[in-house]
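Colleague: The following file, target-v2.pdb, comprises PDB, C-alpha atoms, pLDDT in the B column:
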ATOM      1  CA  MET A   1       2.125  40.798 -77.295  1.00 88.00           C
ATOM      2  CA  THR A   2       0.870  41.524 -73.801  1.00 94.00           C
ATOM      3  CA  ASP A   3       3.165  42.419 -70.926  1.00 95.00           C
ATOM      4  CA  PRO A   4       2.706  38.997 -69.258  1.00 96.00           C
ATOM      5  CA  GLU A   5       3.448  37.216 -72.562  1.00 96.00           C
ATOM      6  CA  PHE A   6       6.604  39.281 -72.996  1.00 96.00           C
ATOM      7  CA  MET A   7       7.748  38.494 -69.464  1.00 96.00           C
ATOM      8  CA  ASP A   8       7.129  34.754 -69.933  1.00 96.00           C
ATOM      9  CA  ARG A   9       9.155  34.666 -73.153  1.00 97.00           C
ATOM     10  CA  ALA A  10      11.865  36.985 -71.838  1.00 97.00           C
ATOM     11  CA  GLU A  11      12.275  35.019 -68.609  1.00 96.00           C
ATOM     12  CA  ALA A  12      12.588  31.820 -70.661  1.00 96.00           C
ATOM     13  CA  LEU A  13      15.342  33.489 -72.716  1.00 97.00           C
ATOM     14  CA  LEU A  14      17.257  34.536 -69.586  1.00 97.00           C
ATOM     15  CA  ARG A  15      16.890  31.065 -68.089  1.00 97.00           C
ATOM     16  CA  SER A  16      18.211  29.525 -71.336  1.00 97.00           C
ATOM     17  CA  ILE A  17      21.293  31.731 -71.079  1.00 97.00           C
ATOM     18  CA  GLU A  18      21.889  30.657 -67.472  1.00 96.00           C
ATOM     19  CA  LEU A  19      21.490  26.970 -68.348  1.00 96.00           C
ATOM     20  CA  ALA A  20      23.806  27.325 -71.360  1.00 96.00           C
ATOM     21  CA  CYS A  21      26.494  28.919 -69.164  1.00 96.00           C
ATOM     22  CA  ASP A  22      26.209  26.033 -66.698  1.00 95.00           C
ATOM     23  CA  ARG A  23      26.521  23.516 -69.551  1.00 95.00           C
ATOM     24  CA  ILE A  24      29.463  25.355 -71.131  1.00 95.00           C
ATOM     25  CA  ASN A  25      31.282  25.531 -67.796  1.00 94.00           C
ATOM     26  CA  ASP A  26      30.694  21.800 -67.228  1.00 94.00           C
ATOM     27  CA  GLU A  27      31.842  20.805 -70.731  1.00 93.00           C
ATOM     28  CA  SER A  28      34.768  23.175 -71.297  1.00 90.00           C
ATOM     29  CA  ASP A  29      37.393  25.373 -69.685  1.00 88.00           C
ATOM     30  CA  ALA A  30      35.639  28.576 -70.802  1.00 89.00           C
ATOM     31  CA  ASP A  31      34.806  29.529 -67.199  1.00 90.00           C
ATOM     32  CA  ILE A  32      32.037  32.029 -67.953  1.00 95.00           C
ATOM     33  CA  ASP A  33      30.934  33.823 -64.819  1.00 95.00           C
ATOM     34  CA  ASN A  34      27.248  34.629 -65.173  1.00 95.00           C
ATOM     35  CA  GLN A  35      25.436  36.803 -62.717  1.00 96.00           C
ATOM     36  CA  ARG A  36      21.752  37.629 -62.831  1.00 96.00           C
ATOM     37  CA  THR A  37      20.199  40.657 -61.183  1.00 95.00           C
ATOM     38  CA  GLY A  38      16.483  40.961 -61.890  1.00 93.00           C
ATOM     39  CA  GLY A  39      16.023  41.256 -65.650  1.00 95.00           C
ATOM     40  CA  MET A  40      19.740  41.484 -66.428  1.00 97.00           C
ATOM     41  CA  ILE A  41      22.453  38.879 -66.916  1.00 98.00           C
ATOM     42  CA  THR A  42      26.144  39.715 -67.084  1.00 98.00           C
ATOM     43  CA  LEU A  43      28.469  37.175 -68.680  1.00 98.00           C
ATOM     44  CA  ALA A  44      32.096  37.778 -67.693  1.00 97.00           C
ATOM     45  CA  PHE A  45      34.937  36.123 -69.594  1.00 96.00           C
ATOM     46  CA  ARG A  46      38.509  35.353 -68.482  1.00 93.00           C
ATOM     47  CA  ASN A  47      39.920  38.230 -70.502  1.00 94.00           C
ATOM     48  CA  GLY A  48      37.802  40.700 -68.529  1.00 95.00           C
ATOM     49  CA  SER A  49      35.300  41.339 -71.311  1.00 97.00           C
ATOM     50  CA  GLN A  50      31.568  41.111 -70.698  1.00 98.00           C
ATOM     51  CA  ILE A  51      28.290  40.563 -72.478  1.00 98.00           C
ATOM     52  CA  ILE A  52      25.247  42.100 -70.836  1.00 98.00           C
ATOM     53  CA  VAL A  53      21.702  41.023 -71.660  1.00 98.00           C
ATOM     54  CA  ASN A  54      18.831  42.970 -70.166  1.00 97.00           C
ATOM     55  CA  LEU A  55      15.090  43.243 -70.559  1.00 97.00           C
ATOM     56  CA  GLN A  56      13.459  46.431 -71.785  1.00 97.00           C
ATOM     57  CA  LYS A  57       9.946  45.763 -70.519  1.00 96.00           C
ATOM     58  CA  PRO A  58       8.213  48.937 -71.807  1.00 95.00           C
ATOM     59  CA  LEU A  59       9.505  48.246 -75.338  1.00 97.00           C
ATOM     60  CA  HIS A  60       9.025  44.448 -75.195  1.00 98.00           C
ATOM     61  CA  GLU A  61      12.651  44.075 -76.238  1.00 98.00           C
ATOM     62  CA  VAL A  62      15.768  42.277 -75.067  1.00 98.00           C
ATOM     63  CA  TRP A  63      18.989  44.240 -75.376  1.00 98.00           C
ATOM     64  CA  MET A  64      22.480  42.789 -75.667  1.00 98.00           C
ATOM     65  CA  ALA A  65      25.737  44.697 -75.246  1.00 98.00           C
ATOM     66  CA  ALA A  66      28.918  42.967 -76.419  1.00 98.00           C
ATOM     67  CA  ARG A  67      32.296  44.023 -77.790  1.00 96.00           C
ATOM     68  CA  ALA A  68      30.668  43.820 -81.224  1.00 96.00           C
ATOM     69  CA  GLY A  69      28.155  46.523 -80.251  1.00 96.00           C
ATOM     70  CA  GLY A  70      24.675  47.004 -78.847  1.00 97.00           C
ATOM     71  CA  PHE A  71      21.720  45.071 -80.213  1.00 98.00           C
ATOM     72  CA  HIS A  72      17.943  45.103 -79.698  1.00 98.00           C
ATOM     73  CA  TYR A  73      15.745  42.023 -80.162  1.00 98.00           C
ATOM     74  CA  ARG A  74      11.976  41.549 -80.441  1.00 98.00           C
ATOM     75  CA  TYR A  75      10.048  38.317 -80.379  1.00 97.00           C
ATOM     76  CA  ASP A  76       8.540  37.659 -83.828  1.00 96.00           C
ATOM     77  CA  GLY A  77       6.205  34.852 -82.760  1.00 94.00           C
ATOM     78  CA  ALA A  78       8.867  32.159 -83.141  1.00 95.00           C
ATOM     79  CA  GLN A  79      12.213  33.607 -82.032  1.00 96.00           C
ATOM     80  CA  TRP A  80      13.991  36.741 -80.834  1.00 98.00           C
ATOM     81  CA  MET A  81      15.145  38.709 -83.899  1.00 98.00           C
ATOM     82  CA  ASP A  82      17.410  41.764 -84.138  1.00 98.00           C
ATOM     83  CA  THR A  83      15.359  44.879 -84.831  1.00 97.00           C
ATOM     84  CA  LYS A  84      17.817  45.951 -87.558  1.00 97.00           C
ATOM     85  CA  GLY A  85      17.791  42.624 -89.404  1.00 94.00           C
ATOM     86  CA  ASN A  86      21.077  41.315 -87.993  1.00 93.00           C
ATOM     87  CA  GLY A  87      19.828  37.844 -87.102  1.00 97.00           C
ATOM     88  CA  GLU A  88      18.510  35.731 -84.264  1.00 98.00           C
ATOM     89  CA  PHE A  89      19.430  36.301 -80.607  1.00 98.00           C
ATOM     90  CA  PHE A  90      20.987  32.920 -79.729  1.00 98.00           C
ATOM     91  CA  ALA A  91      22.960  32.716 -82.988  1.00 98.00           C
ATOM     92  CA  ASN A  92      24.342  36.182 -82.302  1.00 98.00           C
ATOM     93  CA  LEU A  93      25.065  35.430 -78.642  1.00 98.00           C
ATOM     94  CA  THR A  94      26.945  32.309 -79.755  1.00 97.00           C
ATOM     95  CA  GLN A  95      29.009  34.367 -82.220  1.00 97.00           C
ATOM     96  CA  TYR A  96      29.822  37.213 -79.824  1.00 97.00           C
ATOM     97  CA  ALA A  97      30.561  34.944 -76.847  1.00 97.00           C
ATOM     98  CA  THR A  98      32.823  32.774 -79.025  1.00 96.00           C
ATOM     99  CA  GLN A  99      34.733  35.874 -80.122  1.00 96.00           C
ATOM    100  CA  GLN A 100      35.107  37.163 -76.572  1.00 96.00           C
ATOM    101  CA  ALA A 101      35.980  33.790 -75.014  1.00 95.00           C
ATOM    102  CA  GLY A 102      38.468  32.900 -77.739  1.00 93.00           C
ATOM    103  CA  GLU A 103      36.991  29.408 -78.078  1.00 93.00           C
ATOM    104  CA  PRO A 104      33.870  27.900 -79.653  1.00 95.00           C
ATOM    105  CA  LEU A 105      30.767  28.258 -77.483  1.00 95.00           C
ATOM    106  CA  ARG A 106      27.132  27.368 -78.183  1.00 95.00           C
ATOM    107  CA  PHE A 107      24.003  29.073 -76.870  1.00 95.00           C
ATOM    108  CA  GLU A 108      20.504  27.973 -77.834  1.00 91.00           C
ATOM    109  CA  ALA A 109      16.901  28.475 -76.784  1.00 86.00           C
TER     110      ALA A 109
END
I'd like the structure from this file rewritten - as structure tokens, please.

Modeller:
Amino acid sequence: MTDPEFMDRAEALLRSIELACDRINDESDADIDNQRTGGMITLAFRNGSQIIVNLQKPLHEVWMAARAGGFHYRYDGAQWMDTKGNGEFFANLTQYATQQAGEPLRFEA
């Protein structure tokens, strides 16, 4: 993957997260505060916990830090997959955000 291809896909991923937060906040009482600074998004939950997603441009990876741990994702041609075989980015974000928010949340590409 070229650098411009990575940036196109990575920017689409970050935008999907922002849109999902807007939808979740409109449809529920989850009240996720999302703040984007360049290639990083911080999701802050009511209980003070956070999930941070940031781009690692030189590695062509997206990194996520959550209470569950730190995770690295690479685009496999169809979706963003954990580099250690722990699943797809949006499925994992849904799981970790649900755990941290204490209510069911849904993130998708």

Colleague: Residues within 12 Å of Lys57 (chain A), please, as a ChimeraX atom specification. Count only C-alpha atoms; anything in the same chain fewer than 3 positions from it doesn't count.

Modeller: /A:1-11,38-40,54,60-63,73-74

Colleague: For this file, the PyMOL selection byres ((chain A and resi 79) around 12) selects which residues, as a list in words?

Modeller: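 Selected by the PyMOL selection byres ((chain A and resi 79) around 12) here: Arg9, Ala10, Ala12, Leu13, Glu61, Val62, Tyr73, Arg74, Tyr75, Asp76, Gly77, Ala78, Trp80, Met81, Asp82, Gly87, Glu88, Phe89, Phe90, Ala91, Glu108 and Ala109 of chain A.
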
Colleague: Carefully work through the PyMOL selection byres ((chain A and resi 102-106) around 12) for this structure and note down the residues it includes, as a PDB file with C-alpha atoms, in the coordinates of the input.

Modeller:
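File produced: expr-v4.pdb:
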ATOM      1  CA  SER A  16      18.211  29.525 -71.336  1.00 97.00           C
ATOM      2  CA  ILE A  17      21.293  31.731 -71.079  1.00 97.00           C
ATOM      3  CA  LEU A  19      21.490  26.970 -68.348  1.00 96.00           C
ATOM      4  CA  ALA A  20      23.806  27.325 -71.360  1.00 96.00           C
ATOM      5  CA  CYS A  21      26.494  28.919 -69.164  1.00 96.00           C
ATOM      6  CA  ASP A  22      26.209  26.033 -66.698  1.00 95.00           C
ATOM      7  CA  ARG A  23      26.521  23.516 -69.551  1.00 95.00           C
ATOM      8  CA  ILE A  24      29.463  25.355 -71.131  1.00 95.00           C
ATOM      9  CA  ASN A  25      31.282  25.531 -67.796  1.00 94.00           C
ATOM     10  CA  GLU A  27      31.842  20.805 -70.731  1.00 93.00           C
ATOM     11  CA  SER A  28      34.768  23.175 -71.297  1.00 90.00           C
ATOM     12  CA  ASP A  29      37.393  25.373 -69.685  1.00 88.00           C
ATOM     13  CA  ALA A  30      35.639  28.576 -70.802  1.00 89.00           C
ATOM     14  CA  ASP A  31      34.806  29.529 -67.199  1.00 90.00           C
ATOM     15  CA  ILE A  32      32.037  32.029 -67.953  1.00 95.00           C
ATOM     16  CA  PHE A  45      34.937  36.123 -69.594  1.00 96.00           C
ATOM     17  CA  ARG A  46      38.509  35.353 -68.482  1.00 93.00           C
ATOM     18  CA  ASN A  47      39.920  38.230 -70.502  1.00 94.00           C
ATOM     19  CA  SER A  49      35.300  41.339 -71.311  1.00 97.00           C
ATOM     20  CA  PHE A  90      20.987  32.920 -79.729  1.00 98.00           C
ATOM     21  CA  ALA A  91      22.960  32.716 -82.988  1.00 98.00           C
ATOM     22  CA  ASN A  92      24.342  36.182 -82.302  1.00 98.00           C
ATOM     23  CA  LEU A  93      25.065  35.430 -78.642  1.00 98.00           C
ATOM     24  CA  THR A  94      26.945  32.309 -79.755  1.00 97.00           C
ATOM     25  CA  GLN A  95      29.009  34.367 -82.220  1.00 97.00           C
ATOM     26  CA  TYR A  96      29.822  37.213 -79.824  1.00 97.00           C
ATOM     27  CA  ALA A  97      30.561  34.944 -76.847  1.00 97.00           C
ATOM     28  CA  THR A  98      32.823  32.774 -79.025  1.00 96.00           C
ATOM     29  CA  GLN A  99      34.733  35.874 -80.122  1.00 96.00           C
ATOM     30  CA  GLN A 100      35.107  37.163 -76.572  1.00 96.00           C
ATOM     31  CA  ALA A 101      35.980  33.790 -75.014  1.00 95.00           C
ATOM     32  CA  PHE A 107      24.003  29.073 -76.870  1.00 95.00           C
ATOM     33  CA  GLU A 108      20.504  27.973 -77.834  1.00 91.00           C
ATOM     34  CA  ALA A 109      16.901  28.475 -76.784  1.00 86.00           C
TER      35      ALA A 109
END

Colleague: Calculate how many Å separate CA of Ile41 (chain A) from CA of Gly85 (chain A), rounding to one decimal.

Modeller: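 According to the coordinates, CA of Ile41 (chain A) and CA of Gly85 (chain A) are separated by 23.3 Å.
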
Colleague: List the spatial neighbours of Gln50 (chain A) as a list of chain:residue names - criterion: any atom at most 8 Å away, all atoms listed in the file, same-chain residues fewer than 4 positions off excluded.

Modeller: A:Thr42, A:Leu43, A:Ala44, A:Phe45, A:Ala66, A:Arg67, A:Gln100

Colleague: CA of Arg15 (chain A) and CA of Arg36 (chain A), how far apart in Å?

Modeller: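 Answer for the CA of Arg36 (chain A) to CA of Arg15 (chain A) separation: 9.7 Å.
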
Colleague: Enter the distance from CA of Ala68 (chain A) to CA of Asp26 (chain A), in Å, rounded to one decimal.

Modeller: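 Distance reported for this atom pair: 26.1 Å.
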
Colleague: Residues picked by the PyMOL selection byres ((chain A and resi 64) around 6) here, as a CSV table (one decimal) with C-alpha atoms, in the coordinates of the input?

Modeller:
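Final output, saved to result28.csv:
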chain,number,residue,atom,x,y,z
A,52,ILE,CA,25.2,42.1,-70.8
A,53,VAL,CA,21.7,41.0,-71.7
A,63,TRP,CA,19.0,44.2,-75.4
A,65,ALA,CA,25.7,44.7,-75.2
A,70,GLY,CA,24.7,47.0,-78.8
A,71,PHE,CA,21.7,45.1,-80.2

Colleague: Can you report as JSON the centre and edge lengths in Å, to one decimal, of an axis-aligned box around the listed atoms of region 62-70 of chain A padded with 5 Å on each side?

Modeller:
{"center_x": 24.0, "center_y": 44.6, "center_z": -78.1, "size_x": 26.5, "size_y": 14.7, "size_z": 16.2}
